[in-house]
Amino acid sequence: MYRLYIKKAESFYGVTRTREIHEQAIKVLSDKDAQSISLDYAMLEKKLGEVDRARAIFAHGAQFDNPKRCPDYWQAWQDFEVAHGNE
């Protein structure tokens, strides 16, 4: 539901206005879902050129699961760090 809400808010108000929705979703969802939303949020910030903000979101989302159970998240974070020079 949050993904649908984010898409609708983006179409009506623009991409930067979805930050509050992402943050709210991360607070209230289960750990697995919060990590998934964190990945979406980090990719959004990366797309907007907010590298430091994306890095902080990746670090926050990392607390929700370990690398063995969710390798996609950790691979995306590693790819991000390799691309932005801080692996």
# chains A, B, ... in the order shown; residues from 1 in each chain; ligands from 1
call {"tool": "residues_around", "arguments": {"residues": "Ala76 of chain A", "least_positions_apart": "4", "cutoff": "12 Å", "atoms": "only C-alpha atoms", "output": "list in words"}}
result
Gln35, Ser36, Ser38, Leu39, Asp40, Ala42, Met43, Lys46, Ala54, Arg55, Phe58, Ala59, Gly61, Ala62, Pro67, Cys70, Pro71, Asp72, Phe80, Glu81, Val82, Ala83 and Glu87 of chain A
call {"tool": "write_last_selection", "arguments": {"atoms": "N, CA, C and O atoms", "output": "CSV table (one decimal), in the first residue's frame"}}
result
chain,number,residue,atom,x,y,z
A,35,GLN,N,13.0,-2.5,5.3
A,35,GLN,CA,14.3,-2.6,4.5
A,35,GLN,C,14.0,-2.4,3.0
A,35,GLN,O,14.8,-1.7,2.3
A,36,SER,N,13.0,-3.0,2.5
A,36,SER,CA,12.6,-2.9,1.1
A,36,SER,C,12.3,-1.4,0.8
A,36,SER,O,12.8,-0.9,-0.3
A,38,SER,N,13.4,1.1,2.4
A,38,SER,CA,14.7,1.9,2.5
A,38,SER,C,15.5,1.8,1.3
A,38,SER,O,16.1,2.8,0.8
A,39,LEU,N,15.5,0.6,0.6
A,39,LEU,CA,16.2,0.5,-0.6
A,39,LEU,C,15.6,1.4,-1.7
A,39,LEU,O,16.3,2.1,-2.4
A,40,ASP,N,14.3,1.4,-1.8
A,40,ASP,CA,13.6,2.3,-2.8
A,40,ASP,C,13.9,3.7,-2.5
A,40,ASP,O,14.2,4.5,-3.4
A,42,ALA,N,16.6,5.0,-0.9
A,42,ALA,CA,18.0,5.2,-1.2
A,42,ALA,C,18.2,5.4,-2.7
A,42,ALA,O,18.9,6.3,-3.1
A,43,MET,N,17.5,4.6,-3.5
A,43,MET,CA,17.6,4.7,-4.9
A,43,MET,C,17.0,6.0,-5.4
A,43,MET,O,17.5,6.7,-6.3
A,46,LYS,N,19.5,8.7,-4.6
A,46,LYS,CA,20.7,8.6,-5.5
A,46,LYS,C,20.3,9.2,-6.9
A,46,LYS,O,21.1,9.9,-7.5
A,54,ALA,N,21.5,9.3,0.5
A,54,ALA,CA,21.3,7.9,0.1
A,54,ALA,C,22.2,7.0,1.0
A,54,ALA,O,21.7,5.9,1.4
A,55,ARG,N,23.4,7.4,1.2
A,55,ARG,CA,24.3,6.6,2.1
A,55,ARG,C,23.8,6.4,3.5
A,55,ARG,O,23.8,5.3,4.1
A,58,PHE,N,20.9,3.9,3.4
A,58,PHE,CA,21.4,2.6,3.3
A,58,PHE,C,21.9,2.1,4.7
A,58,PHE,O,21.6,1.0,5.1
A,59,ALA,N,22.6,2.9,5.4
A,59,ALA,CA,23.1,2.5,6.7
A,59,ALA,C,21.9,2.3,7.7
A,59,ALA,O,22.0,1.4,8.5
A,61,GLY,N,18.8,1.4,6.8
A,61,GLY,CA,18.1,0.2,6.4
A,61,GLY,C,18.9,-1.1,6.7
A,61,GLY,O,18.3,-2.2,6.8
A,62,ALA,N,20.2,-1.0,6.9
A,62,ALA,CA,21.0,-2.2,7.1
A,62,ALA,C,20.7,-2.8,8.5
A,62,ALA,O,20.9,-4.0,8.7
A,67,PRO,N,23.0,-9.8,6.1
A,67,PRO,CA,23.4,-10.0,4.7
A,67,PRO,C,23.0,-11.4,4.2
A,67,PRO,O,22.8,-11.6,3.0
A,70,CYS,N,19.1,-11.3,3.3
A,70,CYS,CA,18.6,-10.3,2.3
A,70,CYS,C,19.8,-9.9,1.4
A,70,CYS,O,20.3,-8.7,1.6
A,71,PRO,N,20.4,-10.7,0.6
A,71,PRO,CA,21.6,-10.4,-0.1
A,71,PRO,C,21.4,-9.3,-1.2
A,71,PRO,O,22.3,-8.5,-1.5
A,72,ASP,N,20.1,-9.1,-1.6
A,72,ASP,CA,19.9,-8.1,-2.7
A,72,ASP,C,20.1,-6.7,-2.1
A,72,ASP,O,20.7,-5.8,-2.8
A,80,PHE,N,26.3,0.7,-4.9
A,80,PHE,CA,26.3,2.1,-4.6
A,80,PHE,C,27.6,2.6,-4.2
A,80,PHE,O,28.1,3.7,-4.7
A,81,GLU,N,28.2,2.0,-3.2
A,81,GLU,CA,29.4,2.5,-2.6
A,81,GLU,C,30.6,2.3,-3.6
A,81,GLU,O,31.4,3.2,-3.7
A,82,VAL,N,30.6,1.3,-4.4
A,82,VAL,CA,31.6,1.2,-5.5
A,82,VAL,C,31.5,2.3,-6.5
A,82,VAL,O,32.4,2.9,-6.9
A,83,ALA,N,30.2,2.6,-6.9
A,83,ALA,CA,30.0,3.7,-7.8
A,83,ALA,C,30.3,5.1,-7.3
A,83,ALA,O,30.7,5.9,-8.1
A,87,GLU,N,33.7,2.3,-1.0
A,87,GLU,CA,33.5,0.9,-0.7
A,87,GLU,C,34.2,0.5,0.5
A,87,GLU,O,35.4,0.7,0.7
call {"tool": "atom_distance", "arguments": {"atom1": "atom CA of Arg19 of chain A", "atom2": "atom CA of His84 of chain A"}}
result
21.8 Å
call {"tool": "atom_distance", "arguments": {"atom1": "atom CA of Arg69 of chain A", "atom2": "atom CA of Leu29 of chain A"}}
result
17.8 Å
call {"tool": "residues_around", "arguments": {"residues": "Tyr5 of chain A", "least_positions_apart": "5", "cutoff": "12 Å", "atoms": "only C-alpha atoms", "output": "list in words"}}
result
Glu10, Ser11, Phe12, Tyr13, Arg17, Thr18, Arg19, Glu20, Ile21, His22, Gln24 and Ala25 of chain A
call {"tool": "write_last_selection", "arguments": {"atoms": "C-alpha atoms", "output": "PDB file, in the first residue's frame"}}
result
ATOM      1  CA  GLU A  10       4.809  11.492  -6.741  1.00  0.00           C
ATOM      2  CA  SER A  11       2.398  12.004  -9.628  1.00  0.00           C
ATOM      3  CA  PHE A  12       0.464  14.725  -7.800  1.00  0.00           C
ATOM      4  CA  TYR A  13       3.198  16.571  -5.879  1.00  0.00           C
ATOM      5  CA  ARG A  17       7.472  15.358  -1.687  1.00  0.00           C
ATOM      6  CA  THR A  18       7.547  11.580  -1.196  1.00  0.00           C
ATOM      7  CA  ARG A  19      10.385  11.770   1.326  1.00  0.00           C
ATOM      8  CA  GLU A  20       7.996  12.100   4.266  1.00  0.00           C
ATOM      9  CA  ILE A  21       5.990   9.091   3.094  1.00  0.00           C
ATOM     10  CA  HIS A  22       9.124   6.961   2.785  1.00  0.00           C
ATOM     11  CA  GLN A  24       6.799   7.223   7.739  1.00  0.00           C
ATOM     12  CA  ALA A  25       6.700   3.817   6.038  1.00  0.00           C
TER      13      ALA A  25
END
call {"tool": "closest_residue", "arguments": {"among": "A:Asp33, A:Asp79, A:Gly85, A:Ile26", "to": "His60 of chain A", "atoms": "only C-alpha atoms"}}
result
A:Ile26
